[in-house]
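See below for structure_1.pdb, which holds PDB, C-alpha atoms, pLDDT in the B column.
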ATOM      1  CA  ALA A 453    -157.324 -23.536  28.039  1.00 53.00           C
ATOM      2  CA  GLY A 454    -158.022 -25.969  30.889  1.00 55.00           C
ATOM      3  CA  SER A 455    -158.896 -24.868  34.421  1.00 62.00           C
ATOM      4  CA  GLY A 456    -157.941 -21.318  35.385  1.00 55.00           C
ATOM      5  CA  ALA A 457    -157.379 -19.669  32.010  1.00 67.00           C
ATOM      6  CA  GLY A 458    -156.106 -16.565  33.816  1.00 79.00           C
ATOM      7  CA  ILE A 459    -154.463 -18.038  36.928  1.00 89.00           C
ATOM      8  CA  HIS A 460    -154.057 -21.685  37.918  1.00 86.00           C
ATOM      9  CA  MET A 461    -152.612 -22.362  41.376  1.00 86.00           C
ATOM     10  CA  LEU A 462    -151.824 -25.323  43.609  1.00 81.00           C
ATOM     11  CA  GLY A 463    -150.921 -24.493  47.206  1.00 80.00           C
ATOM     12  CA  SER A 464    -149.590 -21.269  48.796  1.00 82.00           C
ATOM     13  CA  ASN A 465    -151.542 -17.977  49.162  1.00 90.00           C
ATOM     14  CA  LEU A 466    -152.983 -15.710  46.491  1.00 91.00           C
ATOM     15  CA  THR A 467    -153.486 -11.944  46.877  1.00 95.00           C
ATOM     16  CA  ILE A 468    -154.972  -9.794  44.106  1.00 96.00           C
ATOM     17  CA  SER A 469    -155.400  -6.027  44.343  1.00 98.00           C
ATOM     18  CA  ASP A 470    -156.859  -3.791  41.606  1.00 98.00           C
ATOM     19  CA  GLY A 471    -156.921  -6.656  39.117  1.00 96.00           C
ATOM     20  CA  ALA A 472    -158.998  -7.009  35.938  1.00 97.00           C
ATOM     21  CA  PHE A 473    -160.007 -10.351  34.385  1.00 97.00           C
ATOM     22  CA  ASP A 474    -161.965 -10.016  31.154  1.00 97.00           C
ATOM     23  CA  GLY A 475    -163.112 -12.748  28.766  1.00 96.00           C
ATOM     24  CA  ASN A 476    -161.053 -15.653  30.088  1.00 95.00           C
ATOM     25  CA  VAL A 477    -162.467 -19.069  29.106  1.00 94.00           C
ATOM     26  CA  SER A 478    -161.615 -22.447  30.624  1.00 91.00           C
ATOM     27  CA  SER A 479    -162.424 -25.154  28.098  1.00 83.00           C
ATOM     28  CA  GLY A 480    -162.236 -28.904  28.363  1.00 75.00           C
ATOM     29  CA  GLY A 481    -165.570 -30.090  29.709  1.00 72.00           C
ATOM     30  CA  THR A 482    -166.410 -31.015  33.287  1.00 73.00           C
ATOM     31  CA  TYR A 483    -162.847 -30.416  34.562  1.00 75.00           C
ATOM     32  CA  SER A 484    -162.547 -26.850  33.264  1.00 84.00           C
ATOM     33  CA  HIS A 485    -163.062 -24.937  36.516  1.00 91.00           C
ATOM     34  CA  GLY A 486    -162.648 -21.196  37.030  1.00 93.00           C
ATOM     35  CA  GLY A 487    -162.534 -19.119  33.874  1.00 93.00           C
ATOM     36  CA  ALA A 488    -160.297 -16.472  35.443  1.00 95.00           C
ATOM     37  CA  ILE A 489    -158.869 -18.229  38.535  1.00 94.00           C
ATOM     38  CA  ASN A 490    -158.592 -21.863  39.544  1.00 92.00           C
ATOM     39  CA  ALA A 491    -157.094 -22.351  43.006  1.00 90.00           C
ATOM     40  CA  ASN A 492    -156.724 -25.772  44.592  1.00 84.00           C
ATOM     41  CA  GLN A 493    -155.132 -26.469  47.982  1.00 77.00           C
ATOM     42  CA  VAL A 494    -154.583 -22.723  48.403  1.00 74.00           C
ATOM     43  CA  ALA A 495    -154.238 -21.558  52.004  1.00 71.00           C
ATOM     44  CA  ASN A 496    -155.966 -18.190  51.485  1.00 89.00           C
ATOM     45  CA  ILE A 497    -157.266 -16.030  48.631  1.00 94.00           C
ATOM     46  CA  THR A 498    -157.629 -12.282  49.188  1.00 96.00           C
ATOM     47  CA  ILE A 499    -159.135 -10.079  46.448  1.00 98.00           C
ATOM     48  CA  THR A 500    -159.658  -6.319  46.700  1.00 98.00           C
ATOM     49  CA  GLY A 501    -160.713  -3.688  44.183  1.00 98.00           C
ATOM     50  CA  SER A 502    -160.902  -6.087  41.250  1.00 98.00           C
ATOM     51  CA  LEU A 503    -163.109  -6.617  38.204  1.00 98.00           C
ATOM     52  CA  PHE A 504    -164.247  -9.917  36.660  1.00 98.00           C
ATOM     53  CA  VAL A 505    -166.175  -9.588  33.381  1.00 98.00           C
ATOM     54  CA  GLY A 506    -167.303 -12.176  30.832  1.00 98.00           C
ATOM     55  CA  ASN A 507    -165.269 -15.109  32.112  1.00 97.00           C
ATOM     56  CA  GLU A 508    -166.440 -18.717  31.571  1.00 96.00           C
ATOM     57  CA  GLY A 509    -165.793 -22.091  33.167  1.00 95.00           C
ATOM     58  CA  TYR A 510    -167.763 -25.305  33.608  1.00 94.00           C
ATOM     59  CA  ASP A 511    -167.950 -24.594  37.370  1.00 94.00           C
ATOM     60  CA  GLY A 512    -167.140 -21.100  38.629  1.00 95.00           C
ATOM     61  CA  GLY A 513    -167.390 -18.750  35.680  1.00 96.00           C
ATOM     62  CA  ALA A 514    -164.783 -16.402  37.176  1.00 97.00           C
ATOM     63  CA  ILE A 515    -163.345 -18.230  40.222  1.00 96.00           C
ATOM     64  CA  PHE A 516    -163.161 -21.822  41.408  1.00 94.00           C
ATOM     65  CA  SER A 517    -161.499 -22.312  44.787  1.00 93.00           C
ATOM     66  CA  THR A 518    -161.211 -25.067  47.400  1.00 91.00           C
ATOM     67  CA  GLY A 519    -159.776 -22.822  50.120  1.00 90.00           C
ATOM     68  CA  PRO A 520    -160.855 -19.806  52.209  1.00 93.00           C
ATOM     69  CA  ILE A 521    -161.578 -16.633  50.259  1.00 94.00           C
ATOM     70  CA  SER A 522    -162.025 -12.964  51.165  1.00 97.00           C
ATOM     71  CA  VAL A 523    -163.355 -10.504  48.567  1.00 98.00           C
ATOM     72  CA  SER A 524    -163.957  -6.769  49.019  1.00 98.00           C
ATOM     73  CA  SER A 525    -164.769  -3.771  46.816  1.00 98.00           C
ATOM     74  CA  SER A 526    -164.951  -5.887  43.658  1.00 98.00           C
ATOM     75  CA  THR A 527    -167.348  -6.522  40.758  1.00 98.00           C
ATOM     76  CA  PHE A 528    -168.423  -9.708  38.954  1.00 98.00           C
ATOM     77  CA  THR A 529    -170.388  -9.063  35.765  1.00 98.00           C
ATOM     78  CA  ALA A 530    -171.648 -11.387  32.989  1.00 98.00           C
ATOM     79  CA  ASN A 531    -169.614 -14.425  34.022  1.00 98.00           C
ATOM     80  CA  ALA A 532    -170.978 -17.905  33.283  1.00 97.00           C
ATOM     81  CA  ALA A 533    -170.741 -21.444  34.617  1.00 96.00           C
ATOM     82  CA  THR A 534    -171.405 -23.151  31.313  1.00 94.00           C
ATOM     83  CA  GLY A 535    -172.216 -26.648  32.586  1.00 93.00           C
ATOM     84  CA  GLY A 536    -172.301 -26.593  36.375  1.00 92.00           C
ATOM     85  CA  ASN A 537    -172.467 -24.367  39.443  1.00 93.00           C
ATOM     86  CA  GLY A 538    -171.550 -20.808  40.393  1.00 94.00           C
ATOM     87  CA  GLY A 539    -172.031 -18.339  37.554  1.00 95.00           C
ATOM     88  CA  ALA A 540    -169.420 -16.033  39.095  1.00 97.00           C
ATOM     89  CA  VAL A 541    -167.753 -18.142  41.806  1.00 96.00           C
ATOM     90  CA  ALA A 542    -167.819 -21.796  42.911  1.00 94.00           C
ATOM     91  CA  LEU A 543    -166.234 -22.321  46.316  1.00 91.00           C
ATOM     92  CA  ASN A 544    -165.484 -25.015  48.878  1.00 90.00           C
ATOM     93  CA  GLY A 545    -164.119 -23.086  51.848  1.00 89.00           C
ATOM     94  CA  ALA A 546    -164.891 -20.251  54.248  1.00 91.00           C
ATOM     95  CA  VAL A 547    -166.242 -17.122  52.539  1.00 93.00           C
ATOM     96  CA  VAL A 548    -166.077 -13.473  53.652  1.00 95.00           C
ATOM     97  CA  MET A 549    -167.270 -10.737  51.278  1.00 97.00           C
ATOM     98  CA  SER A 550    -168.008  -7.037  51.653  1.00 98.00           C
ATOM     99  CA  GLN A 551    -169.015  -4.315  49.184  1.00 98.00           C
ATOM    100  CA  VAL A 552    -169.116  -6.676  46.207  1.00 98.00           C
ATOM    101  CA  LEU A 553    -171.414  -6.467  43.165  1.00 98.00           C
ATOM    102  CA  PHE A 554    -172.664  -9.542  41.291  1.00 97.00           C
ATOM    103  CA  GLU A 555    -174.618  -8.604  38.169  1.00 97.00           C
ATOM    104  CA  GLY A 556    -175.821 -10.619  35.194  1.00 97.00           C
ATOM    105  CA  ASN A 557    -173.992 -13.834  36.037  1.00 96.00           C
ATOM    106  CA  VAL A 558    -175.468 -17.173  34.912  1.00 96.00           C
ATOM    107  CA  ALA A 559    -175.076 -20.789  36.053  1.00 95.00           C
ATOM    108  CA  ALA A 560    -176.276 -23.809  34.102  1.00 93.00           C
ATOM    109  CA  VAL A 561    -177.270 -25.530  37.361  1.00 91.00           C
ATOM    110  CA  ASN A 562    -176.955 -24.011  40.885  1.00 91.00           C
ATOM    111  CA  GLY A 563    -175.982 -20.566  42.165  1.00 92.00           C
ATOM    112  CA  GLY A 564    -176.350 -17.959  39.446  1.00 93.00           C
ATOM    113  CA  ALA A 565    -173.795 -15.771  41.257  1.00 95.00           C
ATOM    114  CA  ILE A 566    -172.307 -17.858  44.109  1.00 94.00           C
ATOM    115  CA  PHE A 567    -172.204 -21.582  44.745  1.00 93.00           C
ATOM    116  CA  ARG A 568    -170.574 -22.604  48.014  1.00 88.00           C
ATOM    117  CA  ASP A 569    -170.287 -26.237  49.080  1.00 84.00           C
ATOM    118  CA  GLY A 570    -168.870 -27.779  52.250  1.00 76.00           C
ATOM    119  CA  GLY A 571    -169.291 -27.113  55.973  1.00 73.00           C
ATOM    120  CA  TYR A 572    -167.648 -23.701  56.216  1.00 82.00           C
ATOM    121  CA  ASP A 573    -168.843 -20.260  57.304  1.00 85.00           C
ATOM    122  CA  PHE A 574    -170.372 -17.920  54.741  1.00 90.00           C
ATOM    123  CA  GLN A 575    -170.453 -14.212  55.670  1.00 93.00           C
ATOM    124  CA  ILE A 576    -171.397 -11.418  53.293  1.00 95.00           C
ATOM    125  CA  GLU A 577    -172.079  -7.762  54.071  1.00 96.00           C
ATOM    126  CA  GLN A 578    -173.210  -4.939  51.763  1.00 97.00           C
ATOM    127  CA  VAL A 579    -173.151  -7.242  48.741  1.00 96.00           C
ATOM    128  CA  GLU A 580    -175.461  -6.591  45.770  1.00 97.00           C
ATOM    129  CA  PHE A 581    -176.949  -9.346  43.592  1.00 96.00           C
ATOM    130  CA  LEU A 582    -178.623  -7.966  40.460  1.00 97.00           C
ATOM    131  CA  SER A 583    -180.186 -10.040  37.646  1.00 96.00           C
ATOM    132  CA  ASN A 584    -178.243 -13.252  38.219  1.00 95.00           C
ATOM    133  CA  ALA A 585    -179.764 -16.559  37.071  1.00 95.00           C
ATOM    134  CA  ALA A 586    -179.558 -20.280  37.789  1.00 93.00           C
ATOM    135  CA  VAL A 587    -181.101 -21.622  34.615  1.00 85.00           C
ATOM    136  CA  GLY A 588    -180.883 -25.365  35.194  1.00 66.00           C
ATOM    137  CA  TRP A 589    -183.424 -26.849  37.546  1.00 55.00           C
ATOM    138  CA  ARG A 590    -182.078 -26.114  40.987  1.00 57.00           C
ATOM    139  CA  TRP A 591    -181.204 -23.292  43.342  1.00 62.00           C
ATOM    140  CA  GLY A 592    -180.900 -19.500  43.630  1.00 69.00           C
ATOM    141  CA  CYS A 593    -178.426 -16.808  42.789  1.00 75.00           C
ATOM    142  CA  ALA A 594    -176.577 -17.413  46.085  1.00 74.00           C
ATOM    143  CA  HIS A 595    -176.413 -21.075  47.077  1.00 69.00           C
ATOM    144  CA  GLN A 596    -174.603 -22.239  50.210  1.00 68.00           C
ATOM    145  CA  SER A 597    -174.647 -25.523  52.087  1.00 66.00           C
ATOM    146  CA  ALA A 598    -173.608 -24.619  55.655  1.00 70.00           C
ATOM    147  CA  SER A 599    -174.444 -21.706  57.971  1.00 82.00           C
ATOM    148  CA  ALA A 600    -174.797 -18.309  56.301  1.00 88.00           C
ATOM    149  CA  THR A 601    -174.820 -14.705  57.542  1.00 92.00           C
ATOM    150  CA  VAL A 602    -176.127 -11.981  55.221  1.00 94.00           C
ATOM    151  CA  ILE A 603    -176.097  -8.327  56.358  1.00 95.00           C
ATOM    152  CA  ASP A 604    -177.394  -5.297  54.428  1.00 95.00           C
ATOM    153  CA  GLY A 605    -177.511  -7.029  51.062  1.00 94.00           C
ATOM    154  CA  ILE A 606    -179.517  -6.008  47.983  1.00 96.00           C
ATOM    155  CA  PHE A 607    -181.138  -8.752  45.879  1.00 96.00           C
ATOM    156  CA  ASP A 608    -182.972  -7.487  42.803  1.00 97.00           C
ATOM    157  CA  GLY A 609    -184.204  -9.333  39.717  1.00 96.00           C
ATOM    158  CA  ASN A 610    -182.511 -12.670  40.364  1.00 95.00           C
ATOM    159  CA  THR A 611    -184.098 -15.884  39.140  1.00 93.00           C
ATOM    160  CA  CYS A 612    -183.813 -19.668  39.281  1.00 92.00           C
ATOM    161  CA  ASP A 613    -185.702 -22.672  37.990  1.00 88.00           C
ATOM    162  CA  GLY A 614    -185.772 -24.325  41.430  1.00 85.00           C
ATOM    163  CA  LEU A 615    -186.068 -22.992  45.004  1.00 87.00           C
ATOM    164  CA  GLY A 616    -184.949 -19.576  46.237  1.00 89.00           C
ATOM    165  CA  GLY A 617    -184.629 -17.029  43.459  1.00 92.00           C
ATOM    166  CA  ALA A 618    -182.206 -14.970  45.553  1.00 93.00           C
ATOM    167  CA  ILE A 619    -180.912 -17.306  48.306  1.00 92.00           C
ATOM    168  CA  PHE A 620    -181.029 -21.066  48.791  1.00 90.00           C
ATOM    169  CA  ALA A 621    -179.753 -21.989  52.265  1.00 86.00           C
ATOM    170  CA  PRO A 622    -180.429 -25.639  53.198  1.00 81.00           C
ATOM    171  CA  ASN A 623    -179.152 -25.095  56.741  1.00 82.00           C
ATOM    172  CA  GLU A 624    -178.957 -22.043  59.045  1.00 86.00           C
ATOM    173  CA  LEU A 625    -179.519 -18.543  57.676  1.00 89.00           C
ATOM    174  CA  LEU A 626    -178.997 -15.345  59.692  1.00 92.00           C
ATOM    175  CA  LEU A 627    -180.229 -12.408  57.645  1.00 92.00           C
ATOM    176  CA  GLU A 628    -180.342  -8.782  58.751  1.00 93.00           C
ATOM    177  CA  GLY A 629    -181.217  -5.597  56.908  1.00 93.00           C
ATOM    178  CA  ALA A 630    -181.385  -6.992  53.371  1.00 93.00           C
ATOM    179  CA  SER A 631    -183.849  -6.009  50.641  1.00 96.00           C
ATOM    180  CA  PHE A 632    -185.393  -8.415  48.109  1.00 96.00           C
ATOM    181  CA  THR A 633    -187.175  -7.048  45.034  1.00 96.00           C
ATOM    182  CA  ASN A 634    -188.452  -8.715  41.850  1.00 96.00           C
ATOM    183  CA  ASN A 635    -186.762 -12.062  42.452  1.00 95.00           C
ATOM    184  CA  THR A 636    -188.426 -15.180  41.029  1.00 94.00           C
ATOM    185  CA  ALA A 637    -188.207 -18.955  41.347  1.00 92.00           C
ATOM    186  CA  ASP A 638    -190.079 -21.662  39.513  1.00 89.00           C
ATOM    187  CA  ALA A 639    -190.431 -24.295  42.256  1.00 83.00           C
ATOM    188  CA  GLY A 640    -190.892 -22.092  45.332  1.00 82.00           C
ATOM    189  CA  ALA A 641    -189.542 -19.205  47.446  1.00 87.00           C
ATOM    190  CA  GLY A 642    -189.309 -16.332  45.022  1.00 91.00           C
ATOM    191  CA  ALA A 643    -186.689 -14.679  47.256  1.00 93.00           C
ATOM    192  CA  VAL A 644    -185.349 -16.946  50.062  1.00 92.00           C
ATOM    193  CA  HIS A 645    -185.476 -20.639  50.926  1.00 89.00           C
ATOM    194  CA  PHE A 646    -183.883 -21.835  54.166  1.00 87.00           C
ATOM    195  CA  ARG A 647    -184.216 -24.608  56.741  1.00 83.00           C
ATOM    196  CA  TYR A 648    -183.874 -22.646  59.977  1.00 84.00           C
ATOM    197  CA  GLY A 649    -182.593 -19.291  61.153  1.00 84.00           C
ATOM    198  CA  HIS A 650    -183.474 -15.651  61.850  1.00 88.00           C
ATOM    199  CA  LEU A 651    -184.646 -12.966  59.424  1.00 90.00           C
ATOM    200  CA  GLN A 652    -184.621  -9.423  60.813  1.00 90.00           C
ATOM    201  CA  ASP A 653    -185.262  -5.956  59.330  1.00 92.00           C
ATOM    202  CA  ALA A 654    -185.519  -7.341  55.806  1.00 92.00           C
ATOM    203  CA  SER A 655    -187.885  -6.084  53.113  1.00 94.00           C
ATOM    204  CA  PHE A 656    -189.598  -8.203  50.449  1.00 95.00           C
ATOM    205  CA  THR A 657    -191.265  -6.520  47.456  1.00 95.00           C
ATOM    206  CA  ALA A 658    -192.751  -8.050  44.287  1.00 96.00           C
ATOM    207  CA  ASN A 659    -191.011 -11.423  44.570  1.00 95.00           C
ATOM    208  CA  ALA A 660    -192.847 -14.322  42.928  1.00 93.00           C
ATOM    209  CA  VAL A 661    -193.075 -18.041  42.268  1.00 92.00           C
ATOM    210  CA  THR A 662    -193.567 -18.694  38.566  1.00 88.00           C
ATOM    211  CA  GLY A 663    -194.367 -22.430  38.614  1.00 79.00           C
ATOM    212  CA  VAL A 664    -197.907 -23.661  39.179  1.00 66.00           C
ATOM    213  CA  ALA A 665    -196.884 -26.048  41.996  1.00 65.00           C
ATOM    214  CA  GLY A 666    -194.567 -23.720  43.889  1.00 65.00           C
ATOM    215  CA  GLY A 667    -195.287 -21.872  47.138  1.00 68.00           C
ATOM    216  CA  GLY A 668    -193.883 -18.998  49.161  1.00 74.00           C
ATOM    217  CA  GLY A 669    -193.793 -15.960  46.915  1.00 82.00           C
ATOM    218  CA  ALA A 670    -191.135 -14.392  49.138  1.00 88.00           C
ATOM    219  CA  VAL A 671    -189.934 -17.018  51.668  1.00 90.00           C
ATOM    220  CA  SER A 672    -190.205 -20.765  52.270  1.00 86.00           C
ATOM    221  CA  THR A 673    -188.694 -23.181  54.787  1.00 84.00           C
ATOM    222  CA  SER A 674    -188.275 -26.947  54.848  1.00 73.00           C
ATOM    223  CA  SER A 675    -187.470 -29.707  57.321  1.00 57.00           C
ATOM    224  CA  ASP A 676    -184.455 -32.049  57.261  1.00 52.00           C
ATOM    225  CA  GLY A 677    -186.067 -34.897  55.423  1.00 43.00           C
ATOM    226  CA  GLY A 678    -189.047 -34.933  57.765  1.00 42.00           C
ATOM    227  CA  LEU A 679    -186.966 -35.673  60.878  1.00 40.00           C
ATOM    228  CA  SER A 680    -187.681 -32.333  62.513  1.00 46.00           C
ATOM    229  CA  PRO A 681    -189.732 -29.246  61.641  1.00 46.00           C
ATOM    230  CA  PRO A 682    -188.106 -26.078  60.304  1.00 53.00           C
ATOM    231  CA  VAL A 683    -187.384 -23.409  62.904  1.00 55.00           C
ATOM    232  CA  ALA A 684    -187.593 -19.799  61.791  1.00 60.00           C
ATOM    233  CA  ALA A 685    -187.785 -16.414  63.493  1.00 62.00           C
ATOM    234  CA  ILE A 686    -188.954 -13.521  61.336  1.00 68.00           C
ATOM    235  CA  GLU A 687    -188.772 -10.088  62.934  1.00 66.00           C
ATOM    236  CA  SER A 688    -189.562  -6.606  61.584  1.00 66.00           C
ATOM    237  CA  CYS A 689    -189.852  -7.817  57.994  1.00 64.00           C
TER     238      CYS A 689
END

Starting from the file, give its structure as structure tokens.
Amino acid sequence: AGSGAGIHMLGSNLTISDGAFDGNVSSGGTYSHGGAINANQVANITITGSLFVGNEGYDGGAIFSTGPISVSSSTFTANAATGGNGGAVALNGAVVMSQVLFEGNVAAVNGGAIFRDGGYDFQIEQVEFLSNAAVGWRWGCAHQSASATVIDGIFDGNTCDGLGGAIFAPNELLLEGASFTNNTADAGAGAVHFRYGHLQDASFTANAVTGVAGGGGAVSTSSDGGLSPPVAAIESC
């Protein structure tokens, strides 16, 4: 099938409660987005208590959405972005997630679990990322391009071939109370790469850079193209 082998939507709202999406595959090359759900021009997506297992799409193995999304008490396992970004979900809108598990998802390029593009808020709390992988050449299991807030997350055994085995945040990152264990990246920042922000009450254990030229076994920062230095506050980590 083309985009959204399970659900394909244009416009309106979408609410899913206690759903199960297993083994849905969107085929058709670079335009096959969202193995389980493809939602374009949707006002709001709300997902609670749902399971996404073994779904595949070029971008967004389980979900591809261009609108705001809220996900709670749900699980994403073994989904794959076969040619692009977001092993579990690829998003271009505001994101709010709580008590969600991402495990064993894979992206061919960026965001082994989550890829979020666009200038929208990204807020996740009590979300677990276990053994997700971005196997192309780019960025971590959770990739986002605007400001991000991460509270009480668990990141264990995630990997990427670029920067930030667990999180790649090219802008502001506010991180509180998260734990990072056994995450790896080839190019740098075994756990977290960000440009500026505040890390508080986080723990970093046995994270590593696997490439010979990479730096920052746990954390690295970067400037905006050399125009200004990175600004970071790290407290009680």

Using the chain letters and numbering of this document, enumerate as a ChimeraX atom specification the residues selected by the PyMOL selection byres ((chain A and resi 492) around 10). /A:460-464,489-491,493-495,516-519,544

Please provide the set of residues having any atom within 6 Å of range 600-611 of chain A, restricted to all atoms listed in the file, with same-chain residues fewer than 6 positions apart removed, written as a list in words.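 Returned residues: Phe574, Gln575, Ile576, Glu577, Gln578, Val579, Glu580, Phe581, Leu582, Ser583, Asn584, Ala585, Gly617, Ala618, Leu625, Leu626, Leu627, Glu628, Gly629, Ala630, Ser631, Phe632, Thr633, Asn634, Asn635, Thr636 and Ala637 of chain A.
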
Please provide the set of residues having any atom within 6 Å of Arg647 in chain A, restricted to all atoms listed in the file, with same-chain residues fewer than 3 positions apart removed, written as a ChimeraX atom specification. /A:622-623,673-674,682

Test item: the PyMOL selection byres ((chain A and resi 548-565) around 8) resolved as an MDAnalysis selection string: chainID A and resid 513 521:541 546:547 566:567 574:595 612

If the PyMOL selection byres ((chain A and resi 473) around 12) were run on this exact file, what residues would it hold? Put them as number ranges by chain. A: 456-459, 468-472, 474-477, 486-489, 501-508, 513-515, 526-531, 540

Please measure the separation of CA of Ala660 in chain A and CA of Leu615 in chain A, giving the value in Å to one decimal.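 Atom-to-atom, CA of Ala660 in chain A to CA of Leu615 in chain A, that is 11.2 Å.
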
CA of Gly512 in chain A and CA of Val661 in chain A are how many Å apart?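 One can read the CA of Gly512 in chain A to CA of Val661 in chain A distance as 26.4 Å.
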
What separates CA of Ala598 in chain A and CA of Ser478 in chain A is a distance of 27.8 Å

Counting all atoms listed in the file, the option among A:Asp613, A:Asp511, A:Asp638, A:Asp573 closest to Gly668 in chain A: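 Looking only at the distances to Gly668 in chain A, the closest residue turns out to be A:Asp638.
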
Would you mind completing range 609-621 of chain A so that it carries N, CA and C atoms, and writing it out as a short mmCIF file (atom, residue, chain, number, x, y, z; two decimals), in the frame of the given file?
data_model
loop_
_atom_site.label_atom_id
_atom_site.label_comp_id
_atom_site.auth_asym_id
_atom_site.auth_seq_id
_atom_site.Cartn_x
_atom_site.Cartn_y
_atom_site.Cartn_z
N GLY A 609 -184.07 -8.78 41.06
CA GLY A 609 -184.20 -9.33 39.72
C GLY A 609 -183.47 -10.62 39.48
N ASN A 610 -183.17 -11.37 40.53
CA ASN A 610 -182.51 -12.67 40.36
C ASN A 610 -183.56 -13.75 40.13
N THR A 611 -183.14 -14.84 39.48
CA THR A 611 -184.10 -15.88 39.14
C THR A 611 -183.45 -17.26 39.14
N CYS A 612 -184.28 -18.29 39.42
CA CYS A 612 -183.81 -19.67 39.28
C CYS A 612 -184.99 -20.55 38.92
N ASP A 613 -184.67 -21.72 38.39
CA ASP A 613 -185.70 -22.67 37.99
C ASP A 613 -186.07 -23.63 39.11
N GLY A 614 -185.47 -23.46 40.30
CA GLY A 614 -185.77 -24.32 41.43
C GLY A 614 -186.31 -23.54 42.60
N LEU A 615 -185.65 -23.65 43.78
CA LEU A 615 -186.07 -22.99 45.00
C LEU A 615 -185.15 -21.81 45.33
N GLY A 616 -185.74 -20.70 45.76
CA GLY A 616 -184.95 -19.58 46.24
C GLY A 616 -184.35 -18.75 45.12
N GLY A 617 -185.14 -17.84 44.56
CA GLY A 617 -184.63 -17.03 43.46
C GLY A 617 -183.42 -16.21 43.83
N ALA A 618 -183.35 -15.75 45.09
CA ALA A 618 -182.21 -14.97 45.55
C ALA A 618 -181.25 -15.81 46.38
N ILE A 619 -181.77 -16.52 47.41
CA ILE A 619 -180.91 -17.31 48.31
C ILE A 619 -181.51 -18.70 48.51
N PHE A 620 -180.68 -19.71 48.37
CA PHE A 620 -181.03 -21.07 48.79
C PHE A 620 -180.06 -21.46 49.89
N ALA A 621 -180.59 -21.66 51.10
CA ALA A 621 -179.75 -21.99 52.26
C ALA A 621 -180.34 -23.22 52.95
#
